[in-house]
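Structure file input.cif with mmCIF, C-alpha atoms and all ligand atoms:
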data_entry
loop_
_atom_site.group_PDB
_atom_site.id
_atom_site.type_symbol
_atom_site.label_atom_id
_atom_site.label_comp_id
_atom_site.auth_asym_id
_atom_site.auth_seq_id
_atom_site.Cartn_x
_atom_site.Cartn_y
_atom_site.Cartn_z
ATOM 1 C CA MET A 152 -127.709 18.643 54.384
ATOM 2 C CA SER A 153 -125.333 17.917 51.522
ATOM 3 C CA GLU A 154 -126.250 15.786 48.512
ATOM 4 C CA PRO A 155 -125.375 12.109 48.803
ATOM 5 C CA LEU A 156 -122.822 10.450 46.566
ATOM 6 C CA VAL A 157 -124.831 8.019 44.422
ATOM 7 C CA PHE A 158 -123.697 4.840 42.700
ATOM 8 C CA HIS A 159 -126.122 3.258 40.253
ATOM 9 C CA PHE A 160 -126.008 -0.234 38.750
ATOM 10 C CA ASP A 161 -128.151 -2.220 36.340
ATOM 11 C CA ILE A 162 -128.173 -5.819 37.509
ATOM 12 C CA ASP A 163 -128.189 -8.338 34.682
ATOM 13 C CA GLY A 164 -130.683 -11.103 35.347
ATOM 14 C CA GLU A 165 -129.288 -13.605 32.880
ATOM 15 C CA ASP A 166 -125.924 -14.155 34.378
ATOM 16 C CA PHE A 167 -125.996 -15.762 37.795
ATOM 17 C CA ILE A 168 -122.612 -17.353 37.333
ATOM 18 C CA SER A 169 -120.821 -14.046 37.678
ATOM 19 C CA ALA A 170 -123.497 -12.268 39.720
ATOM 20 C CA GLY A 171 -122.284 -9.902 42.393
ATOM 21 C CA GLN A 172 -120.305 -7.461 40.251
ATOM 22 C CA ALA A 173 -122.126 -4.414 41.608
ATOM 23 C CA SER A 174 -121.435 -5.358 45.222
ATOM 24 C CA ILE A 175 -117.784 -5.980 44.481
ATOM 25 C CA GLN A 176 -117.561 -2.603 42.748
ATOM 26 C CA ILE A 177 -119.195 -0.924 45.755
ATOM 27 C CA LYS A 178 -116.699 -2.580 48.038
ATOM 28 C CA LYS A 179 -113.864 -1.134 45.949
ATOM 29 C CA ASN A 180 -115.423 2.324 45.882
ATOM 30 C CA LEU A 181 -115.969 2.394 49.644
ATOM 31 C CA ARG A 182 -112.422 1.213 50.246
ATOM 32 C CA ARG A 183 -111.109 4.013 48.096
ATOM 33 C CA ILE A 184 -113.171 6.480 50.100
ATOM 34 C CA GLY A 185 -111.545 5.019 53.206
ATOM 35 C CA LEU A 186 -114.544 3.855 55.210
ATOM 36 C CA ASP A 187 -114.152 1.511 58.185
ATOM 37 C CA PRO A 188 -113.552 -2.093 56.985
ATOM 38 C CA GLU A 189 -116.334 -3.527 59.146
ATOM 39 C CA ILE A 190 -118.840 -1.051 57.657
ATOM 40 C CA ILE A 191 -117.641 -1.941 54.160
ATOM 41 C CA ARG A 192 -118.049 -5.624 54.946
ATOM 42 C CA ARG A 193 -121.616 -5.130 56.172
ATOM 43 C CA VAL A 194 -122.612 -2.960 53.200
ATOM 44 C CA SER A 195 -121.091 -5.246 50.614
ATOM 45 C CA ILE A 196 -122.480 -8.487 52.057
ATOM 46 C CA ALA A 197 -125.970 -7.022 52.517
ATOM 47 C CA MET A 198 -125.907 -5.684 48.981
ATOM 48 C CA TYR A 199 -124.541 -8.926 47.538
ATOM 49 C CA GLU A 200 -127.377 -10.941 49.077
ATOM 50 C CA GLY A 201 -129.884 -8.492 47.614
ATOM 51 C CA GLU A 202 -128.155 -8.512 44.249
ATOM 52 C CA ILE A 203 -128.140 -12.323 44.159
ATOM 53 C CA ASN A 204 -131.829 -12.345 45.059
ATOM 54 C CA MET A 205 -132.659 -10.035 42.164
ATOM 55 C CA VAL A 206 -130.708 -12.294 39.823
ATOM 56 C CA ILE A 207 -132.039 -15.663 40.992
ATOM 57 C CA HIS A 208 -135.597 -14.682 41.913
ATOM 58 C CA ALA A 209 -136.449 -11.630 39.791
ATOM 59 C CA LYS A 210 -134.469 -11.719 36.507
ATOM 60 C CA GLY A 211 -132.389 -8.726 37.490
ATOM 61 C CA GLY A 212 -133.110 -5.156 38.528
ATOM 62 C CA GLU A 213 -131.463 -1.934 39.599
ATOM 63 C CA ALA A 214 -129.310 -1.033 42.549
ATOM 64 C CA ASP A 215 -128.601 2.393 43.999
ATOM 65 C CA VAL A 216 -126.170 3.024 46.785
ATOM 66 C CA LYS A 217 -126.323 6.447 48.402
ATOM 67 C CA LEU A 218 -123.542 7.605 50.612
ATOM 68 C CA TYR A 219 -124.625 10.273 53.099
ATOM 69 C CA GLU A 220 -122.496 11.819 55.832
ATOM 70 C CA ASP A 221 -124.106 9.706 58.530
ATOM 71 C CA ARG A 222 -125.379 6.622 56.660
ATOM 72 C CA ILE A 223 -125.341 4.460 53.574
ATOM 73 C CA GLU A 224 -128.603 3.567 51.869
ATOM 74 C CA ILE A 225 -128.876 0.592 49.545
ATOM 75 C CA ILE A 226 -131.969 0.466 47.339
ATOM 76 C CA LEU A 227 -132.600 -2.654 45.269
ATOM 77 C CA ALA A 228 -135.554 -2.528 42.911
ATOM 78 C CA ASP A 229 -136.796 -5.236 40.583
ATOM 79 C CA LYS A 230 -139.808 -5.999 38.402
ATOM 80 C CA GLY A 231 -139.849 -9.663 39.372
ATOM 81 C CA PRO A 232 -142.680 -11.832 40.684
ATOM 82 C CA GLY A 233 -142.831 -10.234 44.135
ATOM 83 C CA ILE A 234 -142.731 -12.006 47.501
ATOM 84 C CA LYS A 235 -145.914 -13.763 48.570
ATOM 85 C CA ASN A 236 -145.295 -13.784 52.301
ATOM 86 C CA ILE A 237 -142.544 -11.571 53.701
ATOM 87 C CA ASP A 238 -142.596 -13.123 57.188
ATOM 88 C CA GLU A 239 -142.055 -16.541 55.672
ATOM 89 C CA ALA A 240 -139.321 -15.279 53.320
ATOM 90 C CA MET A 241 -137.503 -13.675 56.268
ATOM 91 C CA GLN A 242 -137.191 -16.994 58.115
ATOM 92 C CA GLU A 243 -133.751 -18.584 58.122
ATOM 93 C CA GLY A 244 -133.802 -21.550 55.759
ATOM 94 C CA PHE A 245 -136.901 -20.563 53.754
ATOM 95 C CA SER A 246 -136.107 -20.673 50.035
ATOM 96 C CA THR A 247 -137.872 -21.235 46.741
ATOM 97 C CA ALA A 248 -134.567 -21.541 44.837
ATOM 98 C CA SER A 249 -134.149 -24.349 42.287
ATOM 99 C CA ASP A 250 -131.772 -27.284 42.608
ATOM 100 C CA THR A 251 -129.464 -25.749 39.984
ATOM 101 C CA ILE A 252 -129.119 -22.632 42.103
ATOM 102 C CA ARG A 253 -128.566 -24.711 45.216
ATOM 103 C CA SER A 254 -125.815 -26.682 43.538
ATOM 104 C CA LEU A 255 -123.951 -23.381 43.144
ATOM 105 C CA GLY A 256 -124.095 -22.835 46.906
ATOM 106 C CA PHE A 257 -126.994 -20.348 46.892
ATOM 107 C CA GLY A 258 -130.556 -20.922 48.025
ATOM 108 C CA ALA A 259 -129.777 -21.557 51.683
ATOM 109 C CA GLY A 260 -132.614 -19.246 52.644
ATOM 110 C CA MET A 261 -130.199 -17.036 54.564
ATOM 111 C CA GLY A 262 -130.079 -14.067 52.222
ATOM 112 C CA LEU A 263 -132.848 -11.896 53.644
ATOM 113 C CA PRO A 264 -131.855 -12.798 57.242
ATOM 114 C CA ASN A 265 -128.262 -11.782 56.441
ATOM 115 C CA MET A 266 -129.474 -8.503 54.935
ATOM 116 C CA LYS A 267 -131.385 -7.826 58.137
ATOM 117 C CA ARG A 268 -128.428 -8.858 60.284
ATOM 118 C CA TYR A 269 -125.939 -6.595 58.523
ATOM 119 C CA SER A 270 -128.124 -3.519 58.122
ATOM 120 C CA ASP A 271 -129.427 -1.164 60.797
ATOM 121 C CA GLU A 272 -132.774 -0.729 59.062
ATOM 122 C CA MET A 273 -134.449 -2.781 56.373
ATOM 123 C CA GLU A 274 -137.748 -2.302 54.616
ATOM 124 C CA ILE A 275 -139.308 -4.474 51.913
ATOM 125 C CA ASN A 276 -142.024 -3.283 49.564
ATOM 126 C CA THR A 277 -143.402 -5.960 47.315
ATOM 127 C CA GLU A 278 -146.389 -6.609 45.121
ATOM 128 C CA ILE A 279 -147.181 -9.888 43.403
ATOM 129 C CA GLY A 280 -146.591 -9.615 39.659
ATOM 130 C CA VAL A 281 -145.210 -6.091 39.956
ATOM 131 C CA GLY A 282 -141.901 -6.341 41.774
ATOM 132 C CA THR A 283 -139.931 -5.878 44.951
ATOM 133 C CA THR A 284 -137.977 -2.982 46.407
ATOM 134 C CA VAL A 285 -135.675 -3.502 49.352
ATOM 135 C CA ARG A 286 -134.210 -0.512 51.173
ATOM 136 C CA MET A 287 -131.417 -0.989 53.675
ATOM 137 C CA VAL A 288 -129.683 1.584 55.837
ATOM 138 C CA ILE A 289 -126.299 1.193 57.444
ATOM 139 C CA LYS A 290 -125.362 3.932 59.886
ATOM 140 C CA LEU A 291 -121.922 5.429 59.806
ATOM 141 C CA ALA A 292 -121.828 7.046 63.213
ATOM 142 C CA MET B 225 -99.829 -17.532 61.284
ATOM 143 C CA THR B 226 -99.808 -16.003 57.803
ATOM 144 C CA VAL B 227 -101.338 -17.638 54.754
ATOM 145 C CA GLY B 228 -97.918 -17.712 53.089
ATOM 146 C CA LYS B 229 -96.406 -19.618 56.031
ATOM 147 C CA LEU B 230 -99.300 -22.086 55.980
ATOM 148 C CA CYS B 231 -98.542 -22.873 52.361
ATOM 149 C CA GLU B 232 -95.019 -23.870 53.262
ATOM 150 C CA LEU B 233 -96.425 -26.900 55.082
ATOM 151 C CA SER B 234 -96.394 -30.038 52.976
ATOM 152 C CA GLU B 235 -100.146 -30.632 53.511
ATOM 153 C CA PHE B 236 -101.076 -27.436 51.642
ATOM 154 C CA GLU B 237 -100.533 -26.237 48.138
ATOM 155 C CA ALA B 238 -101.019 -22.675 46.915
ATOM 156 C CA VAL B 239 -103.508 -22.303 44.061
ATOM 157 C CA CYS B 240 -103.073 -18.536 44.055
ATOM 158 C CA LEU B 241 -101.442 -16.421 46.689
ATOM 159 C CA PRO B 242 -101.760 -12.724 45.869
ATOM 160 C CA GLU B 243 -101.673 -11.664 49.552
ATOM 161 C CA PRO B 244 -99.419 -14.106 51.427
ATOM 162 C CA GLU B 245 -98.938 -11.754 54.394
ATOM 163 C CA ARG B 246 -102.552 -12.003 55.573
ATOM 164 C CA GLU B 247 -102.988 -13.413 59.072
ATOM 165 C CA ILE B 248 -105.303 -16.328 59.829
ATOM 166 C CA ASN B 249 -107.213 -15.664 63.049
ATOM 167 C CA GLY B 250 -109.581 -18.650 63.037
ATOM 168 C CA VAL B 251 -111.463 -21.075 60.847
ATOM 169 C CA TYR B 252 -114.912 -21.271 59.296
ATOM 170 C CA ILE B 253 -116.155 -24.398 57.496
ATOM 171 C CA GLY B 254 -119.101 -24.317 55.090
ATOM 172 C CA ASP B 255 -120.352 -24.749 51.546
ATOM 173 C CA LEU B 256 -123.575 -22.717 51.656
ATOM 174 C CA LEU B 257 -122.522 -19.263 50.558
ATOM 175 C CA SER B 258 -125.045 -17.225 52.534
ATOM 176 C CA TRP B 259 -124.183 -19.194 55.618
ATOM 177 C CA VAL B 260 -120.525 -18.310 55.135
ATOM 178 C CA MET B 261 -121.354 -14.634 54.635
ATOM 179 C CA GLY B 262 -123.495 -14.630 57.747
ATOM 180 C CA ARG B 263 -121.076 -16.451 60.018
ATOM 181 C CA ALA B 264 -117.457 -16.329 58.832
ATOM 182 C CA ARG B 265 -115.394 -13.583 60.448
ATOM 183 C CA GLN B 266 -112.933 -11.266 58.832
ATOM 184 C CA ASP B 267 -109.489 -12.947 58.528
ATOM 185 C CA ASN B 268 -110.819 -16.466 59.057
ATOM 186 C CA ALA B 269 -109.540 -19.271 56.860
ATOM 187 C CA TRP B 270 -112.616 -20.560 55.007
ATOM 188 C CA ILE B 271 -112.586 -24.310 54.403
ATOM 189 C CA THR B 272 -114.947 -25.497 51.655
ATOM 190 C CA ILE B 273 -115.405 -28.026 48.891
ATOM 191 C CA MET B 274 -117.196 -25.500 46.646
ATOM 192 C CA SER B 275 -115.095 -24.307 43.746
ATOM 193 C CA ASN B 276 -117.319 -22.268 41.410
ATOM 194 C CA ILE B 277 -116.775 -18.623 40.548
ATOM 195 C CA ASN B 278 -119.080 -17.377 43.326
ATOM 196 C CA VAL B 279 -116.617 -18.620 45.917
ATOM 197 C CA ALA B 280 -114.275 -15.839 44.800
ATOM 198 C CA ALA B 281 -116.985 -13.203 45.289
ATOM 199 C CA VAL B 282 -117.998 -14.529 48.701
ATOM 200 C CA ALA B 283 -114.387 -14.748 49.882
ATOM 201 C CA SER B 284 -113.820 -11.167 48.791
ATOM 202 C CA LEU B 285 -116.981 -9.770 50.358
ATOM 203 C CA SER B 286 -116.587 -11.577 53.672
ATOM 204 C CA ASP B 287 -112.919 -10.618 53.842
ATOM 205 C CA VAL B 288 -111.611 -14.052 54.797
ATOM 206 C CA SER B 289 -107.826 -14.349 54.741
ATOM 207 C CA CYS B 290 -107.884 -17.420 52.499
ATOM 208 C CA VAL B 291 -110.047 -20.114 50.961
ATOM 209 C CA ILE B 292 -108.879 -23.651 51.685
ATOM 210 C CA LEU B 293 -110.237 -26.191 49.205
ATOM 211 C CA ALA B 294 -110.486 -29.501 51.045
ATOM 212 C CA GLU B 295 -110.636 -33.094 49.771
ATOM 213 C CA GLY B 296 -108.337 -32.356 46.830
ATOM 214 C CA VAL B 297 -110.829 -29.964 45.180
ATOM 215 C CA THR B 298 -109.190 -27.700 42.610
ATOM 216 C CA LEU B 299 -110.193 -24.510 40.770
ATOM 217 C CA ASP B 300 -110.719 -24.109 37.046
ATOM 218 C CA ASP B 301 -108.147 -21.781 35.512
ATOM 219 C CA ASP B 302 -110.637 -18.958 34.932
ATOM 220 C CA VAL B 303 -111.810 -19.099 38.556
ATOM 221 C CA ALA B 304 -108.222 -19.134 39.780
ATOM 222 C CA SER B 305 -107.372 -16.076 37.704
ATOM 223 C CA THR B 306 -110.471 -14.237 38.962
ATOM 224 C CA ALA B 307 -109.455 -15.051 42.532
ATOM 225 C CA ALA B 308 -105.925 -13.822 41.927
ATOM 226 C CA GLN B 309 -107.255 -10.569 40.422
ATOM 227 C CA LYS B 310 -109.495 -10.008 43.432
ATOM 228 C CA GLY B 311 -106.588 -10.536 45.803
ATOM 229 C CA ILE B 312 -107.960 -13.770 47.219
ATOM 230 C CA ASN B 313 -105.613 -16.410 48.539
ATOM 231 C CA VAL B 314 -106.651 -19.944 47.574
ATOM 232 C CA ILE B 315 -104.990 -23.068 48.915
ATOM 233 C CA SER B 316 -105.780 -26.708 48.261
ATOM 234 C CA THR B 317 -105.288 -29.770 50.420
ATOM 235 C CA SER B 318 -106.102 -33.455 50.105
ATOM 236 C CA PHE B 319 -107.301 -33.441 53.729
ATOM 237 C CA ALA B 320 -111.000 -33.419 54.594
ATOM 238 C CA ALA B 321 -112.444 -30.282 56.211
ATOM 239 C CA TYR B 322 -112.300 -31.810 59.697
ATOM 240 C CA GLU B 323 -108.629 -32.814 59.437
ATOM 241 C CA THR B 324 -107.748 -29.454 57.915
ATOM 242 C CA ALA B 325 -109.444 -27.641 60.787
ATOM 243 C CA LEU B 326 -107.692 -29.823 63.366
ATOM 244 C CA LEU B 327 -104.339 -29.056 61.810
ATOM 245 C CA LEU B 328 -105.082 -25.318 61.669
ATOM 246 C CA GLY B 329 -106.319 -25.392 65.236
ATOM 247 C CA SER B 330 -103.021 -26.850 66.364
ATOM 248 C CA ILE B 331 -100.890 -24.242 64.594
ATOM 249 C CA ILE B 332 -102.705 -20.916 64.852
ATOM 250 C CA GLN B 333 -102.729 -19.080 68.149
HETATM 251 N N1 LIG C 401 -136.214 -9.904 44.872
HETATM 252 C C1 LIG C 401 -137.014 -10.970 45.097
HETATM 253 N N2 LIG C 401 -138.054 -11.218 44.254
HETATM 254 C C2 LIG C 401 -138.872 -12.277 44.470
HETATM 255 N N3 LIG C 401 -138.731 -13.146 45.487
HETATM 256 C C3 LIG C 401 -137.719 -12.951 46.350
HETATM 257 C C4 LIG C 401 -136.798 -11.858 46.205
HETATM 258 N N4 LIG C 401 -135.916 -11.909 47.220
HETATM 259 C C5 LIG C 401 -136.243 -12.977 47.967
HETATM 260 N N5 LIG C 401 -137.354 -13.616 47.460
HETATM 261 C C6 LIG C 401 -138.039 -14.794 48.028
HETATM 262 O O1 LIG C 401 -137.663 -14.929 49.398
HETATM 263 C C7 LIG C 401 -137.052 -16.203 49.607
HETATM 264 C C8 LIG C 401 -135.987 -16.091 50.666
HETATM 265 O O2 LIG C 401 -134.930 -15.260 50.211
HETATM 266 P P1 LIG C 401 -133.463 -15.475 50.823
HETATM 267 O O3 LIG C 401 -133.549 -15.384 52.309
HETATM 268 O O4 LIG C 401 -132.531 -14.553 50.147
HETATM 269 O O5 LIG C 401 -133.135 -16.977 50.468
HETATM 270 P P2 LIG C 401 -132.667 -17.641 49.074
HETATM 271 O O6 LIG C 401 -132.322 -16.554 48.131
HETATM 272 O O7 LIG C 401 -131.509 -18.465 49.478
HETATM 273 O O8 LIG C 401 -133.827 -18.459 48.602
HETATM 274 C C9 LIG C 401 -136.555 -16.636 48.253
HETATM 275 O O9 LIG C 401 -136.405 -18.021 48.129
HETATM 276 C C10 LIG C 401 -137.658 -16.092 47.330
HETATM 277 O O10 LIG C 401 -138.785 -16.935 47.338
HETATM 278 MG MG MG C 402 -131.073 -15.073 48.673
#

Starting from the coordinates I provided, produce the structure as structure tokens.
Amino acid sequence: MSEPLVFHFDIDGEDFISAGQASIQIKKNLRRIGLDPEIIRRVSIAMYEGEINMVIHAKGGEADVKLYEDRIEIILADKGPGIKNIDEAMQEGFSTASDTIRSLGFGAGMGLPNMKRYSDEMEINTEIGVGTTVRMVIKLA
Amino acid sequence: MTVGKLCELSEFEAVCLPEPEREINGVYIGDLLSWVMGRARQDNAWITIMSNINVAAVASLSDVSCVILAEGVTLDDDVASTAAQKGINVISTSFAAYETALLLGSIIQ
């Protein structure tokens, strides 16, 4: 099994006005590699939702995207407050986002559901006061 | 119908048009960004009244063919230049979202 191609990003937690840079960069990279547009769309939207979550809920974090022959893995890790109840957070429309964030068009409570929708596998590890790691897999076959 | 052709109609005005040849295959209306990313299809025209910088990112990631700003909404210059750089077509109209969608529905196949 060959080594994956890895892209690493530090996600700035201060700047939610221009958040999403990492996802947009990934989209460019995957285009250059020549992947199927629908796969690129799924990867970049799923990653963008996760990136926005780290910015608005966790003051930033780190993102790794690993490109294997048969799949893409997106790993988003933060040292934010953690998620109290994952089942609740996964429901469409559930959000703890502030009014300021909502006025920018975020905080619809659709981020985690979109991540689930656009990935083939998704796994959340979270601990209150320690942080959250989300791992998503999108299959290439 | 291409985005460029749409802009030739008197009801629409180009804000930035880096990719005029893109085809419009349908319409999605919405202002909640995650909702748009979850539901809009590739090559849809996205009608919205949101105009902040994140609209450019969402339009790029969801691969819509253009953003149509309804109700006379305009973009700040820095947002417009970001959109142009990202290859995102942005159009404005004084019509409301409903009227814009009706018009698009009557002209796209
Ligand atoms: N990385 C994270 N750290 C802490 N809480 C999170 C994180 N991601 C999501 N959450 C929690 O889960 C909720 C639902 O997330 P999501 O579906 O993306 O909706 P939204 O971001 O619009 O609130 C958030 O409101 C927040 O309470
Ligand atoms: Mg979210």

Which residues are near segment 300-302 of chain B? Cut-off 10 Å, only C-alpha atoms, ignore same chain within fewer than 2 positions. Put them as a compact mmCIF listing (two decimals) with C-alpha atoms, keeping the file's coordinate frame.
# COMPACT_ATOMS: atom_id res chain seq x y z
CA VAL B 239 -103.51 -22.30 44.06
CA SER B 275 -115.10 -24.31 43.75
CA ASN B 276 -117.32 -22.27 41.41
CA ILE B 277 -116.78 -18.62 40.55
CA THR B 298 -109.19 -27.70 42.61
CA ALA B 304 -108.22 -19.13 39.78
CA SER B 305 -107.37 -16.08 37.70
CA THR B 306 -110.47 -14.24 38.96
CA ALA B 307 -109.46 -15.05 42.53
CA ALA B 308 -105.92 -13.82 41.93

Self-check item: Residues matched by the PyMOL selection byres (((not hetatm)) within 6 of (chain C and resi 402)), written as a PyMOL selection string
Solution: chain A and resi 200+204+258+260+262

Self-check item: Residue hits in chain B, query chain A, radius 12 Å, all atoms listed in the file, as a count of residues only
Solution: 36

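With atom CA of Ala173 of chain A on one side and atom CA of Ala240 of chain A on the other, the separation reads 23.5 Å.
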
Exercise. Within 7 Å of (-145.1, -6.4, 39.3) (coordinates as in the file), grab all the protein and nucleic acid residues, counting only C-alpha atoms, and write them out as an NGL selection string.
Key: :A and (230-233 or 278-282)

Using 5 Å of padding on each side, determine the axis-aligned box around all atoms of ligand LIG 401 (chain C) present in the file and give its centre and edge lengths in Å to one decimal, as AutoDock Vina command-line options.
--center_x -135.2 --center_y -14.2 --center_z 48.3 --size_x 17.4 --size_y 18.6 --size_z 18.1

Exercise. Fewer than 5 positions away in the same chain doesn't count, so skip those; otherwise give me all residues within 8 Å of Arg222 of chain A, counting only C-alpha atoms, as JSON, numbers by chain.
Key: {"A": [288, 289, 290, 291, 292]}

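Take the PyMOL selection byres (((chain B and resi 319) around 9) and not hetatm) and apply it to this file: it picks Glu235, Phe236, Ala294, Glu295, Gly296, Ser316, Thr317, Ser318, Ala320, Ala321, Tyr322, Glu323 and Thr324 of chain B.
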
Quiz item: Around (-98.7, -13.0, 46.3) in the file's own coordinates, what residues are found within 9 Å if you use all atoms listed in the file, given back as a PyMOL selection string?
Solution: chain B and resi 228+240-245+308+311+313

Self-check item: Contact residues around Val285 of chain A with only C-alpha atoms at 8 Å, ignoring same-chain residues under 3 positions, as a list in words
Solution: Gly201, Ile225, Ile226, Leu227, Ala228, Met273, Glu274, Ile275 and Asn276 of chain A

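Of the listed residues A:Ile207, A:Ile190, A:Val157, A:Met287, the one whose atoms come nearest to ligand LIG 401 (chain C) is A:Ile207, with distances taken using only C-alpha atoms and all ligand atoms.
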
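Closest to Val297 of chain B among B:Gln309, B:Arg246, B:Ser234, B:Ile315 is B:Ile315, based on all atoms listed in the file.
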
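Put simply, atom CA of Leu218 of chain A is 8.4 Å away from atom CA of Phe158 of chain A.
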
Quiz item: When you draw a straight line from atom CA of Gly211 of chain A to atom CA of Lys267 of chain A, how long is it in Å?
Solution: 20.7 Å

Quiz item: Selected by the PyMOL selection byres (((chain A and resi 156) around 12) and not hetatm) in the shown coordinates: which residues, as an MDAnalysis selection string?
Solution: chainID A and resid 153:155 157:159 177 180:181 184 215:220 222:225

Quiz prompt | Residue neighbourhood Asn249 of chain B, 8 Å, only C-alpha atoms, exclusion window fewer than 4 positions, as an MDAnalysis selection string | solution = chainID B and resid 225 267:269 332:333

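With all atoms listed in the file as the atoms that count, the minimum distance from Val251 of chain B to the choices B:Cys231, B:Ile331, B:Val314, B:Ala325 is reached by B:Ala325.
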
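Closest approach to ligand LIG 401 (chain C) among A:Asp166, A:Asp221, A:Glu213, A:Asp229: A:Asp229, based on all atoms listed in the file.
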
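Candidate residues A:Thr251, A:Ser270, A:Ser246, A:Thr284 were compared for distance to ligand LIG 401 (chain C), and the nearest is A:Ser246, using all atoms listed in the file.
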
Kindly complete segment 229-235 of chain B to all heavy atoms; the output should be written as an mmCIF file, in the coordinates of the input.
data_model
loop_
_atom_site.group_PDB
_atom_site.id
_atom_site.type_symbol
_atom_site.label_atom_id
_atom_site.label_comp_id
_atom_site.auth_asym_id
_atom_site.auth_seq_id
_atom_site.Cartn_x
_atom_site.Cartn_y
_atom_site.Cartn_z
ATOM 1 N N LYS B 229 -97.080 -18.627 55.186
ATOM 2 C CA LYS B 229 -96.406 -19.618 56.031
ATOM 3 C C LYS B 229 -97.156 -20.954 55.988
ATOM 4 O O LYS B 229 -96.546 -22.023 55.966
ATOM 5 C CB LYS B 229 -96.334 -19.111 57.486
ATOM 6 C CG LYS B 229 -95.204 -18.138 57.726
ATOM 7 C CD LYS B 229 -93.933 -18.874 58.197
ATOM 8 C CE LYS B 229 -92.767 -17.931 58.425
ATOM 9 N NZ LYS B 229 -92.168 -17.457 57.151
ATOM 10 N N LEU B 230 -98.486 -20.863 56.015
ATOM 11 C CA LEU B 230 -99.300 -22.086 55.980
ATOM 12 C C LEU B 230 -98.974 -22.911 54.729
ATOM 13 O O LEU B 230 -98.872 -24.136 54.781
ATOM 14 C CB LEU B 230 -100.788 -21.720 56.011
ATOM 15 C CG LEU B 230 -101.762 -22.893 56.130
ATOM 16 C CD1 LEU B 230 -101.706 -23.512 57.523
ATOM 17 C CD2 LEU B 230 -103.183 -22.458 55.805
ATOM 18 N N CYS B 231 -98.807 -22.198 53.628
ATOM 19 C CA CYS B 231 -98.542 -22.873 52.361
ATOM 20 C C CYS B 231 -97.196 -23.569 52.318
ATOM 21 O O CYS B 231 -96.953 -24.413 51.472
ATOM 22 C CB CYS B 231 -98.601 -21.876 51.208
ATOM 23 S SG CYS B 231 -100.264 -21.563 50.725
ATOM 24 N N GLU B 232 -96.322 -23.201 53.233
ATOM 25 C CA GLU B 232 -95.019 -23.870 53.262
ATOM 26 C C GLU B 232 -95.132 -25.275 53.838
ATOM 27 O O GLU B 232 -94.243 -26.102 53.656
ATOM 28 C CB GLU B 232 -94.012 -23.038 54.075
ATOM 29 C CG GLU B 232 -93.616 -21.755 53.340
ATOM 30 C CD GLU B 232 -92.777 -20.831 54.213
ATOM 31 O OE1 GLU B 232 -92.294 -21.273 55.278
ATOM 32 O OE2 GLU B 232 -92.628 -19.648 53.828
ATOM 33 N N LEU B 233 -96.233 -25.549 54.546
ATOM 34 C CA LEU B 233 -96.425 -26.900 55.082
ATOM 35 C C LEU B 233 -96.736 -27.859 53.943
ATOM 36 O O LEU B 233 -97.428 -27.514 52.992
ATOM 37 C CB LEU B 233 -97.576 -26.914 56.105
ATOM 38 C CG LEU B 233 -97.442 -25.957 57.290
ATOM 39 C CD1 LEU B 233 -98.653 -26.084 58.204
ATOM 40 C CD2 LEU B 233 -96.160 -26.239 58.065
ATOM 41 N N SER B 234 -96.267 -29.073 54.077
ATOM 42 C CA SER B 234 -96.394 -30.038 52.976
ATOM 43 C C SER B 234 -97.850 -30.425 52.693
ATOM 44 O O SER B 234 -98.176 -30.858 51.603
ATOM 45 C CB SER B 234 -95.572 -31.286 53.285
ATOM 46 O OG SER B 234 -96.067 -31.881 54.470
ATOM 47 N N GLU B 235 -98.736 -30.250 53.691
ATOM 48 C CA GLU B 235 -100.146 -30.632 53.511
ATOM 49 C C GLU B 235 -100.904 -29.666 52.603
ATOM 50 O O GLU B 235 -102.007 -29.969 52.153
ATOM 51 C CB GLU B 235 -100.873 -30.666 54.865
ATOM 52 C CG GLU B 235 -100.431 -31.764 55.802
ATOM 53 C CD GLU B 235 -99.193 -31.394 56.627
ATOM 54 O OE1 GLU B 235 -98.604 -30.307 56.392
ATOM 55 O OE2 GLU B 235 -98.810 -32.191 57.491
#
